[in-house]
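S.K.: This is coords_26.cif (mmCIF, C-alpha atoms).
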data_final
#
loop_
_atom_site.group_PDB
_atom_site.id
_atom_site.type_symbol
_atom_site.label_atom_id
_atom_site.label_comp_id
_atom_site.auth_asym_id
_atom_site.auth_seq_id
_atom_site.Cartn_x
_atom_site.Cartn_y
_atom_site.Cartn_z
ATOM 1 C CA MET J 1 52.210 259.216 36.483
ATOM 2 C CA ILE J 2 49.617 258.735 33.800
ATOM 3 C CA ARG J 3 47.514 255.652 34.405
ATOM 4 C CA PHE J 4 48.279 254.291 30.954
ATOM 5 C CA GLU J 5 52.018 254.368 31.618
ATOM 6 C CA ALA J 6 51.549 252.786 35.018
ATOM 7 C CA PHE J 7 49.453 250.083 33.365
ATOM 8 C CA LEU J 8 52.185 249.367 30.804
ATOM 9 C CA LEU J 9 54.830 249.287 33.513
ATOM 10 C CA GLY J 10 52.692 246.792 35.382
ATOM 11 C CA ILE J 11 52.442 244.594 32.307
ATOM 12 C CA ILE J 12 56.186 244.735 31.714
ATOM 13 C CA ALA J 13 57.044 244.032 35.356
ATOM 14 C CA THR J 14 54.642 241.104 35.671
ATOM 15 C CA THR J 15 55.483 239.488 32.341
ATOM 16 C CA SER J 16 59.200 239.848 33.083
ATOM 17 C CA VAL J 17 58.885 238.087 36.408
ATOM 18 C CA LEU J 18 56.723 235.357 34.846
ATOM 19 C CA ALA J 19 59.140 234.850 31.970
ATOM 20 C CA GLY J 20 61.941 234.699 34.538
ATOM 21 C CA LEU J 21 60.094 231.955 36.394
ATOM 22 C CA PHE J 22 59.666 229.955 33.184
ATOM 23 C CA PHE J 23 63.394 230.225 32.510
ATOM 24 C CA VAL J 24 64.320 229.188 36.039
ATOM 25 C CA ARG J 25 62.040 226.185 35.561
ATOM 26 C CA PHE J 26 63.861 225.332 32.297
ATOM 27 C CA TRP J 27 67.144 225.538 34.192
ATOM 28 C CA ARG J 28 65.823 223.128 36.741
ATOM 29 C CA ASP J 29 64.754 220.735 33.986
ATOM 30 C CA THR J 30 67.885 220.892 31.856
ATOM 31 C CA ARG J 31 70.590 222.003 34.299
ATOM 32 C CA ASP J 32 71.711 224.432 31.611
ATOM 33 C CA TYR J 33 73.109 227.564 33.223
ATOM 34 C CA LEU J 34 72.040 229.662 30.258
ATOM 35 C CA PHE J 35 68.433 229.408 31.437
ATOM 36 C CA LEU J 36 69.385 230.385 34.967
ATOM 37 C CA THR J 37 71.024 233.569 33.743
ATOM 38 C CA PHE J 38 68.026 234.450 31.603
ATOM 39 C CA GLY J 39 65.674 233.687 34.480
ATOM 40 C CA VAL J 40 67.499 235.794 37.024
ATOM 41 C CA ALA J 41 67.999 238.608 34.510
ATOM 42 C CA PHE J 42 64.274 238.776 33.707
ATOM 43 C CA ILE J 43 63.240 238.607 37.350
ATOM 44 C CA ILE J 44 65.671 241.382 38.240
ATOM 45 C CA GLU J 45 64.350 243.483 35.379
ATOM 46 C CA GLY J 46 60.786 242.815 36.519
ATOM 47 C CA VAL J 47 61.541 243.993 40.016
ATOM 48 C CA ASN J 48 63.473 246.938 38.604
ATOM 49 C CA ARG J 49 60.491 248.008 36.500
ATOM 50 C CA SER J 50 58.164 247.702 39.493
ATOM 51 C CA ALA J 51 60.361 250.092 41.406
ATOM 52 C CA LEU J 52 59.807 252.608 38.602
ATOM 53 C CA LEU J 53 56.128 252.683 39.551
ATOM 54 C CA PHE J 54 57.023 254.638 42.628
ATOM 55 C CA ILE J 55 58.719 257.391 40.678
ATOM 56 C CA SER J 56 56.643 259.850 38.702
ATOM 57 C CA HIS J 57 57.852 260.117 35.147
ATOM 58 C CA PRO J 58 60.965 258.074 35.709
ATOM 59 C CA ASN J 59 63.984 259.164 33.851
ATOM 60 C CA GLU J 60 65.622 255.902 32.982
ATOM 61 C CA GLY J 61 68.936 257.714 33.033
ATOM 62 C CA ALA J 62 68.810 257.527 36.827
ATOM 63 C CA THR J 63 71.960 255.746 37.962
ATOM 64 C CA TRP J 64 70.594 252.869 39.962
ATOM 65 C CA ILE J 65 68.002 251.975 37.308
ATOM 66 C CA TYR J 66 70.494 251.586 34.540
ATOM 67 C CA LEU J 67 73.088 249.920 36.763
ATOM 68 C CA ILE J 68 70.585 247.212 37.631
ATOM 69 C CA ARG J 69 69.710 246.849 33.955
ATOM 70 C CA LEU J 70 73.425 246.675 33.118
ATOM 71 C CA PHE J 71 73.771 243.850 35.609
ATOM 72 C CA ALA J 72 70.895 241.991 33.943
ATOM 73 C CA PHE J 73 72.455 242.375 30.468
ATOM 74 C CA LEU J 74 75.876 241.285 31.723
ATOM 75 C CA LEU J 75 74.270 238.246 33.310
ATOM 76 C CA ILE J 76 72.771 237.224 29.961
ATOM 77 C CA LEU J 77 76.069 237.818 28.195
ATOM 78 C CA ALA J 78 77.857 235.743 30.848
ATOM 79 C CA GLY J 79 75.394 232.914 30.253
ATOM 80 C CA ILE J 80 76.011 232.950 26.505
ATOM 81 C CA ILE J 81 79.785 233.096 26.940
ATOM 82 C CA HIS J 82 79.725 230.299 29.516
ATOM 83 C CA LYS J 83 77.713 228.094 27.188
ATOM 84 C CA ASN J 84 80.159 228.573 24.339
ATOM 85 C CA ARG J 85 83.239 228.077 26.479
ATOM 86 C CA THR J 86 82.012 224.812 27.935
ATOM 87 C CA ILE J 87 81.289 223.546 24.441
ATOM 88 C CA ALA J 88 84.753 224.428 23.225
ATOM 89 C CA LYS J 89 86.335 222.257 25.937
ATOM 90 C CA MET P 90 105.697 201.910 45.820
ATOM 91 C CA ASN P 91 104.056 199.280 43.679
ATOM 92 C CA ILE P 92 100.755 199.719 45.531
ATOM 93 C CA MET P 93 100.911 203.499 45.139
ATOM 94 C CA VAL P 94 101.481 203.224 41.419
ATOM 95 C CA ARG P 95 98.608 200.795 41.061
ATOM 96 C CA CYS P 96 96.354 203.016 43.175
ATOM 97 C CA CYS P 97 97.234 206.047 41.078
ATOM 98 C CA CYS P 98 96.462 204.142 37.878
ATOM 99 C CA VAL P 99 93.051 203.139 39.197
ATOM 100 C CA TRP P 100 92.385 206.731 40.275
ATOM 101 C CA VAL P 101 93.359 208.082 36.848
ATOM 102 C CA GLU P 102 91.165 205.513 35.148
ATOM 103 C CA MET P 103 88.222 206.417 37.352
ATOM 104 C CA THR P 104 88.428 210.124 36.676
ATOM 105 C CA GLN P 105 88.680 209.449 32.962
ATOM 106 C CA GLU P 106 85.564 207.344 33.265
ATOM 107 C CA ASP P 107 83.832 210.176 35.116
ATOM 108 C CA LEU P 108 84.862 212.663 32.476
ATOM 109 C CA GLU P 109 83.599 210.336 29.792
ATOM 110 C CA ARG P 110 80.297 209.864 31.566
ATOM 111 C CA GLN P 111 79.918 213.620 31.930
ATOM 112 C CA GLN P 112 80.521 214.101 28.209
ATOM 113 C CA VAL P 113 78.072 211.357 27.341
ATOM 114 C CA ASP P 114 75.450 212.774 29.692
ATOM 115 C CA ARG P 115 75.862 216.249 28.263
ATOM 116 C CA PHE P 116 75.526 214.877 24.741
ATOM 117 C CA VAL P 117 72.366 212.962 25.627
ATOM 118 C CA ILE P 118 70.818 215.968 27.385
ATOM 119 C CA GLU P 119 71.564 218.311 24.511
ATOM 120 C CA GLU P 120 71.070 216.205 21.435
ATOM 121 C CA ILE P 121 68.790 213.250 22.147
ATOM 122 C CA ASP P 122 65.053 213.867 22.100
ATOM 123 C CA SER P 123 63.801 210.400 22.954
ATOM 124 C CA VAL P 124 64.839 206.796 23.381
ATOM 125 C CA PRO P 125 63.937 205.937 19.731
ATOM 126 C CA HIS P 126 66.233 208.778 18.644
ATOM 127 C CA LEU P 127 69.051 207.308 20.702
ATOM 128 C CA GLU P 128 68.494 203.786 19.427
ATOM 129 C CA ALA P 129 68.298 204.959 15.834
ATOM 130 C CA LEU P 130 71.525 206.894 16.267
ATOM 131 C CA LEU P 131 73.312 203.929 17.845
ATOM 132 C CA LEU P 132 72.024 201.626 15.135
ATOM 133 C CA LEU P 133 73.406 203.977 12.478
ATOM 134 C CA TRP P 134 76.683 204.192 14.387
ATOM 135 C CA ASN P 135 77.136 200.466 14.814
ATOM 136 C CA SER P 136 76.324 199.721 11.191
ATOM 137 C CA ARG P 137 78.257 202.608 9.616
ATOM 138 C CA PRO P 138 78.706 203.452 6.848
ATOM 139 C CA LYS P 139 75.596 201.479 5.895
ATOM 140 C CA ARG P 140 72.694 203.514 4.532
ATOM 141 C CA TRP P 141 69.246 202.611 5.785
ATOM 142 C CA LEU P 142 65.752 203.079 4.404
ATOM 143 C CA PRO P 143 63.265 204.259 7.053
ATOM 144 C CA GLU P 144 61.296 201.023 6.578
ATOM 145 C CA GLU P 145 64.299 198.846 7.314
ATOM 146 C CA MET P 146 65.163 200.836 10.381
ATOM 147 C CA GLY P 147 61.546 200.882 11.503
ATOM 148 C CA LYS P 148 61.470 197.102 11.391
ATOM 149 C CA ALA P 149 64.708 196.905 13.339
ATOM 150 C CA LEU P 150 63.449 199.296 16.004
ATOM 151 C CA TYR P 151 59.816 198.100 16.060
ATOM 152 C CA LEU P 152 58.533 201.515 15.004
ATOM 153 C CA THR P 153 56.232 202.682 12.221
ATOM 154 C CA THR P 154 57.903 203.814 9.042
ATOM 155 C CA GLU P 155 56.526 207.357 9.330
ATOM 156 C CA TYR P 156 57.769 207.781 12.852
ATOM 157 C CA THR P 157 61.176 206.351 11.957
ATOM 158 C CA GLN P 158 61.324 208.745 9.030
ATOM 159 C CA SER P 159 60.721 211.742 11.278
ATOM 160 C CA VAL P 160 63.264 210.501 13.836
ATOM 161 C CA LEU P 161 65.875 210.047 11.119
ATOM 162 C CA GLN P 162 65.068 213.456 9.682
ATOM 163 C CA GLU P 163 65.572 215.038 13.076
ATOM 164 C CA LEU P 164 68.934 213.316 13.375
ATOM 165 C CA VAL P 165 69.838 214.824 10.014
ATOM 166 C CA ASN P 166 68.764 218.266 11.227
ATOM 167 C CA ARG P 167 71.130 217.846 14.130
ATOM 168 C CA LYS P 168 73.917 216.873 11.734
ATOM 169 C CA LEU P 169 74.140 213.494 13.428
ATOM 170 C CA ALA P 170 73.132 211.674 10.253
ATOM 171 C CA SER P 171 73.091 212.354 6.564
ATOM 172 C CA SER P 172 70.510 211.443 3.984
ATOM 173 C CA GLU P 173 71.022 210.565 0.345
ATOM 174 C CA ALA P 174 68.175 209.550 -1.925
ATOM 175 C CA GLY P 175 66.006 208.674 1.049
ATOM 176 C CA ARG P 176 68.677 206.519 2.679
ATOM 177 C CA TYR P 177 70.161 207.510 6.019
ATOM 178 C CA ALA P 178 73.623 206.932 7.434
ATOM 179 C CA TYR P 179 75.706 208.083 10.371
ATOM 180 C CA GLU P 180 77.492 211.371 9.800
ATOM 181 C CA PRO P 181 81.085 211.018 10.997
ATOM 182 C CA ASP P 182 82.853 213.722 12.967
ATOM 183 C CA SER P 183 86.147 213.031 14.683
ATOM 184 C CA GLU P 184 85.322 214.758 17.962
ATOM 185 C CA ARG P 185 81.815 213.432 18.197
ATOM 186 C CA ASP P 186 82.714 209.876 17.194
ATOM 187 C CA LYS P 187 84.545 209.445 20.485
ATOM 188 C CA ILE P 188 81.475 210.542 22.420
ATOM 189 C CA ILE P 189 79.142 208.259 20.468
ATOM 190 C CA GLU P 190 81.491 205.347 20.969
ATOM 191 C CA ALA P 191 81.459 206.024 24.712
ATOM 192 C CA LEU P 192 77.681 206.481 24.603
ATOM 193 C CA ASP P 193 77.283 203.100 22.955
ATOM 194 C CA ARG P 194 79.212 201.443 25.781
ATOM 195 C CA VAL P 195 77.549 203.420 28.568
ATOM 196 C CA TYR P 196 74.032 202.891 27.209
ATOM 197 C CA ARG P 197 74.421 199.115 27.258
ATOM 198 C CA ARG P 198 75.547 199.246 30.882
ATOM 199 C CA GLU P 199 73.178 201.929 32.138
ATOM 200 C CA ILE P 200 70.008 201.742 30.053
ATOM 201 C CA ILE P 201 67.689 202.736 32.882
ATOM 202 C CA ARG P 202 69.724 205.704 34.024
ATOM 203 C CA ILE P 203 70.048 207.103 30.495
ATOM 204 C CA SER P 204 66.398 206.599 29.565
ATOM 205 C CA ASN P 205 65.358 208.283 32.809
ATOM 206 C CA MET P 206 67.647 211.140 31.945
ATOM 207 C CA ILE P 207 66.019 211.474 28.519
ATOM 208 C CA HIS P 208 62.471 211.361 29.874
ATOM 209 C CA SER P 209 63.049 213.860 32.647
ATOM 210 C CA LYS P 210 64.271 216.568 30.357
ATOM 211 C CA ALA P 211 62.518 219.591 29.011
ATOM 212 C CA SER P 212 60.813 219.543 25.635
ATOM 213 C CA PRO P 213 62.722 219.682 22.349
ATOM 214 C CA ALA P 214 61.663 223.312 21.907
ATOM 215 C CA VAL P 215 63.344 224.293 25.163
ATOM 216 C CA ARG P 216 66.482 222.419 24.246
ATOM 217 C CA ALA P 217 66.443 224.041 20.819
ATOM 218 C CA PHE P 218 66.311 227.396 22.611
ATOM 219 C CA ALA P 219 69.486 226.558 24.544
ATOM 220 C CA ARG P 220 71.208 225.206 21.450
ATOM 221 C CA ALA P 221 70.423 228.387 19.532
ATOM 222 C CA PHE P 222 72.934 230.230 21.711
ATOM 223 C CA ARG P 223 75.862 228.244 20.437
ATOM 224 C CA LEU P 224 77.692 230.840 18.443
ATOM 225 C CA LYS P 225 79.463 228.345 16.223
ATOM 226 C CA LYS P 226 76.985 226.479 14.108
ATOM 227 C CA ASP P 227 78.246 222.920 13.911
ATOM 228 C CA MET N 228 77.505 255.998 31.069
ATOM 229 C CA ALA N 229 73.754 255.565 30.832
ATOM 230 C CA ALA N 230 74.064 255.805 27.060
ATOM 231 C CA THR N 231 76.612 252.981 26.968
ATOM 232 C CA VAL N 232 74.414 250.766 29.094
ATOM 233 C CA TYR N 233 71.386 251.200 26.888
ATOM 234 C CA ILE N 234 73.353 250.708 23.690
ATOM 235 C CA LEU N 235 74.944 247.607 25.221
ATOM 236 C CA GLY N 236 71.479 246.445 26.184
ATOM 237 C CA ALA N 237 70.188 247.023 22.678
ATOM 238 C CA LEU N 238 73.136 245.054 21.276
ATOM 239 C CA VAL N 239 72.795 242.120 23.693
ATOM 240 C CA THR N 240 69.060 241.798 23.076
ATOM 241 C CA PHE N 241 69.606 242.189 19.343
ATOM 242 C CA LEU N 242 72.210 239.398 19.445
ATOM 243 C CA CYS N 243 69.785 237.160 21.337
ATOM 244 C CA GLY N 244 67.128 237.904 18.722
ATOM 245 C CA VAL N 245 69.481 237.017 15.878
ATOM 246 C CA LEU N 246 70.583 233.745 17.512
ATOM 247 C CA LEU N 247 67.007 232.734 18.257
ATOM 248 C CA ILE N 248 65.709 233.464 14.757
ATOM 249 C CA ARG N 249 68.691 231.574 13.315
ATOM 250 C CA GLY N 250 67.810 228.718 15.654
ATOM 251 C CA TYR N 251 64.182 228.881 14.530
ATOM 252 C CA LYS N 252 65.194 228.652 10.881
ATOM 253 C CA SER N 253 67.225 225.530 11.554
ATOM 254 C CA ALA N 254 65.108 223.755 14.173
ATOM 255 C CA GLY N 255 61.608 224.999 13.339
ATOM 256 C CA LYS N 256 60.504 225.299 16.963
ATOM 257 C CA ARG N 257 58.085 228.186 17.302
ATOM 258 C CA LEU N 258 59.225 229.004 20.825
ATOM 259 C CA LEU N 259 62.375 230.381 19.236
ATOM 260 C CA LEU N 260 60.377 232.464 16.780
ATOM 261 C CA TRP N 261 58.357 234.213 19.486
ATOM 262 C CA SER N 262 61.364 234.639 21.775
ATOM 263 C CA GLY N 263 63.376 236.019 18.896
ATOM 264 C CA ILE N 264 60.677 238.553 18.084
ATOM 265 C CA CYS N 265 60.515 239.495 21.762
ATOM 266 C CA PHE N 266 64.229 240.136 21.926
ATOM 267 C CA PHE N 267 64.139 242.253 18.786
ATOM 268 C CA GLY N 268 61.320 244.230 20.395
ATOM 269 C CA LEU N 269 63.366 244.691 23.562
ATOM 270 C CA ALA N 270 66.306 245.793 21.433
ATOM 271 C CA VAL N 271 64.094 248.430 19.835
ATOM 272 C CA SER N 272 62.849 249.520 23.242
ATOM 273 C CA ASN N 273 66.389 249.849 24.602
ATOM 274 C CA PHE N 274 67.455 251.742 21.527
ATOM 275 C CA LEU N 275 64.516 254.110 21.969
ATOM 276 C CA VAL N 276 65.669 254.783 25.536
ATOM 277 C CA PHE N 277 69.078 255.668 24.158
ATOM 278 C CA LEU N 278 67.496 257.923 21.526
ATOM 279 C CA ASP N 279 65.200 259.566 24.034
ATOM 280 C CA LEU N 280 67.763 260.273 26.716
ATOM 281 C CA ILE N 281 70.793 261.092 24.627
ATOM 282 C CA ILE N 282 69.921 262.176 21.109
ATOM 283 C CA LEU N 283 66.489 263.711 21.079
ATOM 284 C CA PRO N 284 65.652 267.072 22.671
ATOM 285 C CA GLU N 285 63.619 267.448 25.865
ATOM 286 C CA SER N 286 60.537 268.411 23.922
ATOM 287 C CA ILE N 287 60.159 264.944 22.391
ATOM 288 C CA ASP N 288 59.208 262.277 24.864
ATOM 289 C CA LEU N 289 59.437 258.689 23.739
ATOM 290 C CA TYR N 290 58.522 257.257 27.101
ATOM 291 C CA PRO N 291 55.087 255.863 26.155
ATOM 292 C CA LEU N 292 56.541 254.372 22.980
ATOM 293 C CA ARG N 293 59.402 252.755 24.920
ATOM 294 C CA LEU N 294 56.910 251.206 27.298
ATOM 295 C CA ILE N 295 54.588 250.029 24.540
ATOM 296 C CA THR N 296 57.344 248.251 22.590
ATOM 297 C CA ALA N 297 58.678 246.562 25.726
ATOM 298 C CA ALA N 298 55.189 245.514 26.838
ATOM 299 C CA ILE N 299 54.276 244.034 23.460
ATOM 300 C CA ALA N 300 57.641 242.241 23.264
ATOM 301 C CA MET N 301 57.173 240.674 26.699
ATOM 302 C CA LEU N 302 53.590 239.646 25.957
ATOM 303 C CA ILE N 303 54.794 237.897 22.792
ATOM 304 C CA LEU N 304 57.485 236.097 24.796
ATOM 305 C CA LEU N 305 54.993 234.989 27.407
ATOM 306 C CA TYR N 306 52.636 233.741 24.705
ATOM 307 C CA GLY N 307 55.491 231.706 23.241
ATOM 308 C CA LEU N 308 56.534 230.306 26.619
ATOM 309 C CA ILE N 309 52.992 229.219 27.455
ATOM 310 C CA TRP N 310 51.776 227.895 24.100
ATOM 311 C CA GLU N 311 54.900 226.662 22.321
ATOM 312 C CA ARG N 312 56.867 225.286 25.242
ATOM 313 C CA ASP N 313 56.046 221.678 24.525
ATOM 314 C CA GLN N 314 56.487 221.557 20.783
#
Would you write out, as structure tokens, the structure that this file holds?
M.R.:
Amino acid sequence: MIRFEAFLLGIIATTSVLAGLFFVRFWRDTRDYLFLTFGVAFIIEGVNRSALLFISHPNEGATWIYLIRLFAFLLILAGIIHKNRTIAK
Amino acid sequence: MNIMVRCCCVWVEMTQEDLERQQVDRFVIEEIDSVPHLEALLLLWNSRPKRWLPEEMGKALYLTTEYTQSVLQELVNRKLASSEAGRYAYEPDSERDKIIEALDRVYRREIIRISNMIHSKASPAVRAFARAFRLKKD
Amino acid sequence: MAATVYILGALVTFLCGVLLIRGYKSAGKRLLLWSGICFFGLAVSNFLVFLDLIILPESIDLYPLRLITAAIAMLILLYGLIWERDQ
């Protein structure tokens, strides 16, 4: 893998995990599940991206990569839906 | 039989009180930025539909006029109050009125618990982030 | 299947971006501005994955561009989280 791409992947993985930690912290402060879903989703994505480092020219069409990403997106969607349903009550 | 009925009534009353407290807590966590915000809101509520000038309210709350003005403006942004020609009043809403009424009662009884809850929260920016994901803009 | 996931991803992140920018316009907190921009950037990145894998031929490789957009988006988010958290 070209060093530049590995460098970018490193940035994305690290910033994702850091952002995830910030969101988990916000969840702890506000007890709002929305932040928990964002936090976990970003951390999962960060770990997912790191795994890509071990594959040369990753094809993001690989099944497990996009399934993990799907899980992260669904988690965020679930958080948004949960927030709006608990308001409606 | 009589005792059972009385026990059930007490139980029902307690769970309603819990539900009410939960609603009040949620409202405070989501909408109230600081104790002055809460006191301004309750002052508007208790004096409704009176319209206040920031100076008057500042005197009542022992705050500077500028700060009171910004607090009142933030209440307006949250649709908790309305402003007309520089005068502020409570903005009625049938659903929310019940919560504010409960909040008024609870706050008098549990000042320390509620102020602790306000101070331990995340910053207004973080709460604004969470609020942004309400699909229905109210 | 992969295509659906990446389009779904682009839509979810786009929705988040829209909600955050709307929130920024009403509340004025800059954290929402930077997060909104980040999510739009992630939406673009996800859409580019979809383009790259499904639409465009093998000869065109968007991989570096996908990474660059995602990296910039995340850096903007992190900037917002660190600097504008306490507004």
S.K.: Show me, as CSV, the residues of chain N having an atom within 7 Å of chain P, each with the closest atom pair and its distance in Å, using all atoms listed in the file.
M.R.:
residue,atom,partner,partner_atom,distance
N:Leu246,CA,P:Ala221,CA,5.7
N:Leu247,CA,P:Ala221,CA,5.7
N:Gly250,CA,P:Ala221,CA,4.7
N:Ala254,CA,P:Ala217,CA,6.8
N:Lys256,CA,P:Ala214,CA,5.5
N:Leu258,CA,P:Ala214,CA,6.3
N:Leu259,CA,P:Phe218,CA,6.0
N:Arg312,CA,P:Ala214,CA,6.2
N:Asp313,CA,P:Ser212,CA,5.3
N:Gln314,CA,P:Ala214,CA,5.6
S.K.: Measure the distance from atom CA of Leu275 of chain N to atom CA of Arg49 of chain J in Å and round it to one decimal.
M.R.: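 Those two atoms sit 16.3 Å apart.
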S.K.: Just so the selection is clear, what residues does the PyMOL selection byres ((chain J) within 7 of (chain N)) cover here, as JSON, numbers by chain?
M.R.: {"J": [5, 8, 9, 11, 12, 15, 16, 19, 61, 66, 70, 73]}
S.K.: Of the residues J:Thr30, J:Gly20, J:Ile2, J:Leu53, which is the one nearest to chain P, using only C-alpha atoms?
M.R.: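 Of the candidates, the smallest distance to chain P is held by J:Thr30.
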S.K.: Would you mind telling me which residue in J:Ala13, J:Phe54, J:Phe22, J:Ile81 lies nearest to Phe35 of chain J when using only C-alpha atoms?
M.R.: J:Phe22
S.K.: Residues of chain J were defined as contacting chain P if any atom lay at most 10 Å from it, counting all atoms listed in the file; please report them as number ranges by chain.
M.R.: J: 23, 25-35, 79-81, 83-85, 87-88
S.K.: Ranking P:Arg140, P:Arg110, P:His126, P:Arg202 by minimum distance to Glu180 of chain P and counting all atoms listed in the file, which one comes first?
M.R.: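 Using all atoms listed in the file, the shortest distance to Glu180 of chain P belongs to P:Arg140.
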S.K.: Measure the distance from atom CA of Glu173 of chain P to atom CA of Gln158 of chain P in Å and round it to one decimal.
M.R.: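 Here the two named atoms are 13.1 Å from each other.
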